[in-house]
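Visitor: This is entry_8.txt, which holds compact mmCIF, C-alpha atoms:
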# COMPACT_ATOMS: atom_id res chain seq x y z
CA MET A 1 75.43 50.68 21.54
CA TYR A 2 73.26 53.61 22.64
CA ARG A 3 71.70 53.72 26.10
CA LEU A 4 68.55 55.86 26.20
CA LEU A 5 68.68 58.25 29.14
CA ASN A 6 65.96 60.90 28.99
CA PRO A 7 63.12 61.72 26.60
CA ALA A 8 63.95 64.87 24.64
CA GLY A 9 60.96 65.27 22.31
CA ASN A 10 58.25 63.44 20.47
CA GLY A 11 56.19 63.69 17.32
CA ARG A 12 53.53 61.76 15.49
CA HIS A 13 55.95 59.21 14.04
CA CYS A 14 59.16 59.51 16.06
CA ASP A 15 60.50 60.02 19.57
CA VAL A 16 63.81 61.71 20.42
CA TRP A 17 65.95 60.66 23.36
CA GLU A 18 69.09 61.87 25.01
CA ALA A 19 71.39 58.85 24.82
CA MET A 20 74.88 57.73 25.78
CA HIS A 21 77.09 55.84 23.35
CA ASP A 22 78.91 53.32 25.53
CA GLY A 23 81.84 52.81 23.18
CA LYS A 24 82.55 56.52 22.71
CA ASN A 25 81.36 57.66 26.14
CA GLU A 26 79.59 60.59 24.46
CA ARG A 27 76.05 61.91 24.53
CA PHE A 28 73.93 61.91 21.39
CA ALA A 29 70.33 62.61 20.47
CA VAL A 30 68.69 59.46 19.12
CA LYS A 31 65.56 59.75 17.00
CA LEU A 32 63.57 56.50 16.90
CA ILE A 33 60.56 55.60 14.80
CA ARG A 34 57.66 54.92 17.15
CA SER A 35 56.55 51.32 17.58
CA ASP A 36 53.36 51.73 15.50
CA TYR A 37 55.41 52.82 12.46
CA ARG A 38 58.53 50.63 12.67
CA ASN A 39 57.44 48.56 9.69
CA ASP A 40 56.27 51.57 7.70
CA ASN A 41 58.57 51.82 4.69
CA MET A 42 57.67 55.46 4.09
CA GLN A 43 58.79 56.47 7.60
CA ILE A 44 61.97 54.42 7.30
CA ASN A 45 62.75 56.03 3.93
CA LEU A 46 62.13 59.51 5.35
CA MET A 47 64.56 58.76 8.18
CA LYS A 48 67.12 57.39 5.73
CA HIS A 49 66.76 60.57 3.66
CA GLU A 50 67.19 62.75 6.73
CA PHE A 51 70.44 60.93 7.46
CA ALA A 52 71.62 61.42 3.87
CA VAL A 53 71.02 65.17 4.19
CA GLY A 54 72.31 65.65 7.73
CA ARG A 55 75.56 63.69 7.46
CA GLU A 56 76.87 66.27 4.95
CA LEU A 57 76.31 69.21 7.27
CA SER A 58 78.78 70.92 9.58
CA HIS A 59 77.76 74.31 10.94
CA PRO A 60 77.27 75.66 14.48
CA ASN A 61 73.61 76.47 13.73
CA VAL A 62 72.67 73.17 12.06
CA ILE A 63 72.31 69.73 13.67
CA THR A 64 74.66 67.10 12.24
CA ILE A 65 73.50 63.48 11.88
CA PHE A 66 76.08 60.75 12.38
CA GLU A 67 74.42 57.36 11.99
CA PHE A 68 71.38 55.62 10.54
CA ASP A 69 70.29 52.12 11.57
CA SER A 70 67.39 50.52 9.75
CA SER A 71 66.93 47.71 12.24
CA LYS A 72 63.34 46.55 12.16
CA ILE A 73 63.41 46.41 15.97
CA ALA A 74 63.81 50.19 16.20
CA PRO A 75 65.03 52.17 13.16
CA PHE A 76 66.88 55.27 14.35
CA ILE A 77 69.28 58.08 13.54
CA ALA A 78 71.92 59.38 15.95
CA MET A 79 72.54 63.14 15.98
CA GLU A 80 74.69 65.60 17.87
CA PHE A 81 73.27 66.33 21.32
CA PHE A 82 72.31 69.97 21.92
CA ALA A 83 72.20 70.28 25.70
CA SER A 84 69.35 72.10 27.50
CA ALA A 85 67.66 73.01 24.22
CA THR A 86 63.93 73.45 23.57
CA ASN A 87 62.24 73.86 20.23
CA LEU A 88 61.31 77.45 19.51
CA LYS A 89 57.57 76.76 19.28
CA LYS A 90 57.50 75.47 22.85
CA LEU A 91 59.70 78.31 24.00
CA ILE A 92 57.36 81.05 22.74
CA SER A 93 54.12 79.30 23.69
CA PRO A 94 52.01 81.11 26.32
CA SER A 95 52.12 77.85 28.28
CA ALA A 96 55.91 78.18 28.54
CA GLN A 97 55.62 80.53 31.52
CA THR A 98 57.23 79.57 34.80
CA ILE A 99 54.93 78.35 37.57
CA GLY A 100 53.94 81.28 39.72
CA SER A 101 54.78 83.83 37.01
CA ALA A 102 52.49 85.69 34.61
CA VAL A 103 55.30 86.19 32.10
CA SER A 104 54.65 84.35 28.83
CA GLY A 105 57.30 82.47 26.91
CA LEU A 106 57.49 85.15 24.20
CA GLU A 107 57.92 87.95 26.75
CA ARG A 108 60.60 85.97 28.51
CA ILE A 109 62.80 85.69 25.40
CA ALA A 110 61.97 89.06 23.80
CA ARG A 111 65.43 90.49 24.46
CA GLN A 112 67.06 87.37 22.96
CA ILE A 113 65.02 87.42 19.75
CA PRO A 114 67.57 89.37 17.64
CA LYS A 115 70.23 86.75 18.46
CA ILE A 116 67.82 83.87 17.85
CA ILE A 117 66.84 85.26 14.44
CA ASP A 118 70.47 85.90 13.48
CA GLN A 119 71.57 82.36 14.33
CA ALA A 120 68.51 80.74 12.76
CA ALA A 121 69.07 82.74 9.56
CA ALA A 122 72.75 81.75 9.50
CA GLY A 123 71.84 78.08 9.83
CA LEU A 124 69.28 78.26 7.04
CA ALA A 125 71.68 80.21 4.80
CA TYR A 126 74.25 77.44 5.23
CA PHE A 127 71.61 74.78 4.51
CA HIS A 128 70.84 76.54 1.22
CA GLU A 129 74.56 76.88 0.40
CA ARG A 130 74.83 73.10 0.68
CA GLY A 131 72.22 72.83 -2.06
CA TRP A 132 69.15 71.92 -0.02
CA ILE A 133 65.64 73.35 0.38
CA HIS A 134 64.25 72.51 3.83
CA ARG A 135 60.51 72.76 2.96
CA ASP A 136 59.37 72.70 6.61
CA ILE A 137 60.79 75.84 8.19
CA LYS A 138 58.78 76.58 11.34
CA PRO A 139 59.50 77.38 15.01
CA ASP A 140 59.27 73.66 15.89
CA ASN A 141 62.34 72.98 13.73
CA PHE A 142 64.72 75.33 15.50
CA LEU A 143 66.25 74.26 18.80
CA VAL A 144 67.25 77.04 21.23
CA ASN A 145 69.26 76.76 24.42
CA PRO A 146 69.22 79.18 27.40
CA ALA A 147 72.05 81.22 25.86
CA ALA A 148 69.89 81.75 22.73
CA ASP A 149 72.14 79.55 20.61
CA VAL A 150 70.13 78.00 17.77
CA LYS A 151 70.28 74.86 15.61
CA LEU A 152 68.14 73.92 12.61
CA ILE A 153 66.71 70.38 12.68
CA ASP A 154 64.46 67.91 10.82
CA TYR A 155 65.49 67.34 7.20
CA ALA A 156 63.03 64.53 6.42
CA ILE A 157 61.32 66.33 3.51
CA ALA A 158 64.26 68.45 2.35
CA GLU A 159 64.93 68.34 -1.38
CA ARG A 160 67.84 69.27 -3.59
CA ARG A 161 67.71 72.64 -5.32
CA ARG A 162 66.93 72.13 -8.99
CA GLY A 163 68.53 73.66 -12.04
CA LEU A 164 66.71 76.09 -14.29
CA LEU A 165 64.90 73.43 -16.34
CA GLY A 166 63.81 71.63 -13.18
CA ARG A 167 62.39 74.85 -11.78
CA LEU A 168 60.58 75.65 -15.02
CA PHE A 169 59.00 72.27 -15.64
CA GLY A 170 59.18 70.37 -12.38
CA LYS A 171 56.45 69.75 -9.85
CA THR A 172 56.82 69.16 -6.12
CA GLN A 173 54.74 66.96 -3.86
CA VAL A 174 52.82 69.21 -1.47
CA ALA A 175 54.34 68.84 2.00
CA GLY A 176 55.04 71.12 4.92
CA THR A 177 53.16 72.81 7.74
CA ARG A 178 50.15 74.90 6.71
CA SER A 179 50.80 77.92 8.91
CA TYR A 180 54.21 78.43 7.29
CA MET A 181 53.79 77.24 3.67
CA SER A 182 54.60 79.53 0.77
CA PRO A 183 52.00 80.10 -1.97
CA GLU A 184 54.06 78.10 -4.49
CA GLN A 185 54.41 75.26 -1.98
CA ILE A 186 50.64 75.17 -1.50
CA ARG A 187 50.12 75.02 -5.27
CA GLY A 188 52.60 72.14 -5.66
CA GLN A 189 54.80 74.19 -7.97
CA SER A 190 58.53 73.68 -8.42
CA LEU A 191 60.38 75.17 -5.45
CA ASP A 192 63.64 76.92 -4.82
CA HIS A 193 65.23 78.41 -1.70
CA ARG A 194 62.76 81.31 -1.71
CA THR A 195 60.02 79.03 -0.37
CA ASP A 196 62.10 78.69 2.82
CA ILE A 197 62.56 82.48 2.88
CA TYR A 198 58.76 82.87 2.95
CA SER A 199 58.48 80.32 5.76
CA PHE A 200 61.26 82.02 7.71
CA GLY A 201 59.37 85.29 7.31
CA CYS A 202 56.40 83.55 8.96
CA VAL A 203 58.66 82.46 11.82
CA MET A 204 59.99 86.00 12.29
CA PHE A 205 56.46 87.39 12.26
CA GLU A 206 55.43 84.92 14.98
CA LEU A 207 58.43 85.87 17.10
CA PHE A 208 57.34 89.50 16.94
CA ALA A 209 53.55 89.10 17.06
CA GLY A 210 53.06 85.97 19.14
CA LYS A 211 51.19 84.24 16.32
CA PRO A 212 51.79 83.32 12.66
CA PRO A 213 50.89 85.91 10.00
CA TYR A 214 47.79 83.98 8.95
CA THR A 215 45.30 81.92 10.92
CA GLY A 216 42.00 80.38 9.87
CA ASN A 217 39.03 78.42 11.11
CA SER A 218 39.64 75.73 8.51
CA GLU A 219 42.51 74.37 6.44
CA ASN A 220 41.14 75.95 3.26
CA GLU A 221 40.70 79.36 4.89
CA LEU A 222 44.27 79.30 6.17
CA LEU A 223 45.76 78.23 2.83
CA ASN A 224 43.69 80.81 0.93
CA LYS A 225 45.09 83.54 3.16
CA HIS A 226 48.63 82.51 2.25
CA LEU A 227 47.61 82.68 -1.40
CA ARG A 228 45.54 85.88 -1.48
CA ALA A 229 45.29 87.80 1.81
CA PRO A 230 47.12 91.13 2.24
CA ILE A 231 50.47 90.86 4.00
CA PRO A 232 50.03 91.84 7.66
CA SER A 233 52.43 94.19 9.42
CA ALA A 234 54.24 92.94 12.51
CA GLU A 235 54.41 96.47 13.91
CA THR A 236 50.67 96.20 14.64
CA TYR A 237 51.59 93.75 17.39
CA ASN A 238 55.05 94.92 18.44
CA LYS A 239 55.85 98.57 19.12
CA TYR A 240 59.59 97.97 19.45
CA LEU A 241 60.29 96.99 15.83
CA THR A 242 62.26 99.20 13.49
CA TYR A 243 60.83 100.24 10.14
CA GLU A 244 63.62 98.29 8.41
CA CYS A 245 62.77 95.07 10.23
CA VAL A 246 59.05 95.42 9.48
CA GLN A 247 59.77 95.97 5.78
CA LEU A 248 62.09 92.96 5.65
CA VAL A 249 59.40 90.65 7.01
CA LYS A 250 56.88 92.02 4.53
CA ALA A 251 59.31 91.41 1.66
CA MET A 252 59.92 87.84 2.84
CA LEU A 253 56.15 87.24 2.87
CA ALA A 254 55.63 88.43 -0.71
CA LYS A 255 53.23 86.18 -2.64
CA ASP A 256 55.51 86.16 -5.69
CA PRO A 257 58.95 84.60 -5.01
CA ALA A 258 60.50 87.19 -7.34
CA ASP A 259 59.51 89.92 -4.87
CA ARG A 260 61.28 88.29 -1.91
CA PRO A 261 64.96 88.69 -0.97
CA VAL A 262 67.08 86.71 -3.41
CA SER A 263 68.80 84.60 -0.74
CA MET A 264 69.09 83.95 2.98
CA ASP A 265 72.54 85.54 2.75
CA GLU A 266 70.80 88.75 1.72
CA VAL A 267 68.35 88.40 4.62
CA LEU A 268 71.21 87.79 7.04
CA GLY A 269 73.20 90.73 5.71
CA TYR A 270 70.19 93.02 6.03
CA LEU A 271 69.56 91.87 9.60
CA ARG A 272 73.16 92.55 10.55
CA ALA A 273 73.15 95.97 8.90
CA ASN A 274 69.91 97.07 10.60
CA ARG A 275 68.54 96.84 14.09
CA VAL A 276 65.56 94.63 14.90
CA TYR A 277 64.33 96.87 17.73
CA ARG A 278 64.08 100.66 17.95
CA SER A 279 64.59 100.21 21.67
CA MET A 280 65.19 97.04 23.62
CA PRO A 281 62.05 95.58 25.28
CA ALA A 282 62.01 95.89 29.04
CA ALA A 283 63.20 92.88 31.00
CA PRO A 284 60.18 90.85 32.16
CA LYS A 285 59.04 91.25 35.75
CA GLU A 286 58.67 87.90 37.44
Take the structure from the file and write it as structure tokens.
Guide:
Amino acid sequence: MYRLLNPAGNGRHCDVWEAMHDGKNERFAVKLIRSDYRNDNMQINLMKHEFAVGRELSHPNVITIFEFDSSKIAPFIAMEFFASATNLKKLISPSAQTIGSAVSGLERIARQIPKIIDQAAAGLAYFHERGWIHRDIKPDNFLVNPAADVKLIDYAIAERRRGLLGRLFGKTQVAGTRSYMSPEQIRGQSLDHRTDIYSFGCVMFELFAGKPPYTGNSENELLNKHLRAPIPSAETYNKYLTYECVQLVKAMLAKDPADRPVSMDEVLGYLRANRVYRSMPAAPKE
């Protein structure tokens, strides 16, 4: 039996609560399908799939899922509880500033960004090693606590990596978040782990620039930029970045998957062999 304690997040279809399991006397995060969708078979199946993915995972930078209950009263999954964490999108939002302070969320965490990127990359590398493609890598799907520890979340649309024949002849249902979707994802082509590398490049760019690499006044304009627009340089927005870091992000944002790093392990190794910043950003003045 789970007792819901405090709301921890919400989305279009689900709410997340901090909860206490009475029998185990432990805290969990419980993700419940919202009342309007509790009889929606598609949402229940997505939650069941997320459980199937998450129960296999055990890594300090990836959320583990322990239980799925398909009760029609309130279908839910129970996950490990990550105390004091906020999703990265909220953390870097300009509205994340403290009352009475002019310091934005991104400025506040600037000195923690190298650690955040390292841990997020490690979590995604592990996810790929387990044979999964996430398909919805974005700041919203990384939780970060005050110590800049990171966990990857939300596996509802993850899919298994395919073999060579599957990649050559398979198609993929278009799903994801438009600001972070790879060109091949937009086209509905067969995907491999490099689609997540592109999306992670978008996340890194946003951490450095304060906005995703591409924006548009309409859905079509935004998607066309992912497909055809020149790759922007993060150094235009951030004077602290090293040449090596700027070039890595550009490589991750290559239109052709063959021009991107071959794996998240390669990305992680490059990050650890090279500095993100030429000099550390100044601590924010409150």
Visitor: One decimal, in Å: what's the spacing between CA of Arg260 (chain A) and CA of Glu107 (chain A)?
Guide: 28.9 Å
Visitor: Can you work out the spacing between CA of Arg275 (chain A) and CA of Ala234 (chain A) in Å, to one decimal?
Guide: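 So the two atoms, CA of Arg275 (chain A) and CA of Ala234 (chain A), lie 14.9 Å apart.
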Visitor: Report, in Å with one decimal, the straight-line distance from CA of Asn25 (chain A) to CA of Phe81 (chain A).
Guide: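 These atoms are spaced 12.8 Å apart.
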Visitor: Between A:Phe76, A:Tyr243, A:Tyr126, A:Phe142, which has the minimum distance to Val276 (chain A) (counting only C-alpha atoms)?
Guide: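 Using only C-alpha atoms, the shortest distance to Val276 (chain A) belongs to A:Tyr243.
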Visitor: Name all residues at most 8 Å from Arg194 (chain A) (count all atoms listed in the file; drop same-chain ones fewer than 4 positions away) and give them as a list in words.
Guide: Tyr198, Pro257, Arg260, Pro261, Val262 and Ser263 of chain A
Visitor: Need to verify the contact set: Asn238 (chain A), 10 Å, all atoms listed in the file, exclusion of same-chain residues closer than 2 positions in sequence. Can you return it as JSON, numbers by chain?
Guide: {"A": [205, 207, 208, 209, 210, 233, 234, 235, 236, 240, 241, 242, 246, 277, 281]}
Visitor: If we count only C-alpha atoms, what is near region 26-37 of chain A at a cut-off of 9 Å, once residues fewer than 5 positions away on the same chain are taken out, given as JSON, numbers by chain?
Guide: {"A": [2, 4, 8, 9, 10, 11, 12, 13, 14, 15, 16, 17, 18, 19, 20, 21, 43, 44, 47, 73, 74, 75, 76, 77, 78, 79, 80, 81, 82]}
Visitor: Which residue, A:Met42, A:Leu248, A:Val150, A:Ala156, has the smallest gap to Gly54 (chain A) when you use all atoms listed in the file?
Guide: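 Closest to Gly54 (chain A) of all the choices is A:Ala156.
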Visitor: Taking all listed atoms of region 211-222 of chain A, build the axis-aligned box, pad each of the six sides by 6 Å, then write its centre and edge lengths in Å to one decimal as AutoDock Vina command-line options.
Guide:
--center_x 45.4 --center_y 80.1 --center_z 9.8 --size_x 24.8 --size_y 23.5 --size_z 25.1
Visitor: So which one's closest to Asp136 (chain A), A:Asp196, A:Asp118, A:Glu244, A:Glu184? Using all atoms listed in the file, please.
Guide: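 Closest to Asp136 (chain A), using all atoms listed in the file: A:Asp196.
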Visitor: Have region 137-148 of chain A completed to N, CA and C atoms, please, and pass it along as a CSV table (one decimal), in the coordinates of the input.
Guide:
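Result saved to selection_31.csv:
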chain,number,residue,atom,x,y,z
A,137,ILE,N,60.3,74.8,7.2
A,137,ILE,CA,60.8,75.8,8.2
A,137,ILE,C,59.6,76.3,9.1
A,138,LYS,N,59.8,76.2,10.4
A,138,LYS,CA,58.8,76.6,11.3
A,138,LYS,C,59.5,76.6,12.7
A,139,PRO,N,58.8,77.3,13.7
A,139,PRO,CA,59.5,77.4,15.0
A,139,PRO,C,59.8,76.0,15.6
A,140,ASP,N,59.0,75.0,15.4
A,140,ASP,CA,59.3,73.7,15.9
A,140,ASP,C,60.6,73.1,15.4
A,141,ASN,N,61.1,73.6,14.3
A,141,ASN,CA,62.3,73.0,13.7
A,141,ASN,C,63.6,73.8,14.0
A,142,PHE,N,63.5,74.7,15.0
A,142,PHE,CA,64.7,75.3,15.5
A,142,PHE,C,64.8,75.0,17.0
A,143,LEU,N,66.0,74.5,17.4
A,143,LEU,CA,66.2,74.3,18.8
A,143,LEU,C,67.0,75.5,19.4
A,144,VAL,N,66.6,75.9,20.6
A,144,VAL,CA,67.2,77.0,21.2
A,144,VAL,C,67.6,76.7,22.7
A,145,ASN,N,68.9,77.0,23.0
A,145,ASN,CA,69.3,76.8,24.4
A,145,ASN,C,69.1,78.0,25.3
A,146,PRO,N,69.4,78.0,26.6
A,146,PRO,CA,69.2,79.2,27.4
A,146,PRO,C,70.1,80.4,27.0
A,147,ALA,N,71.2,80.1,26.3
A,147,ALA,CA,72.0,81.2,25.9
A,147,ALA,C,71.6,81.8,24.5
A,148,ALA,N,70.5,81.3,24.0
A,148,ALA,CA,69.9,81.8,22.7
A,148,ALA,C,70.7,81.3,21.6
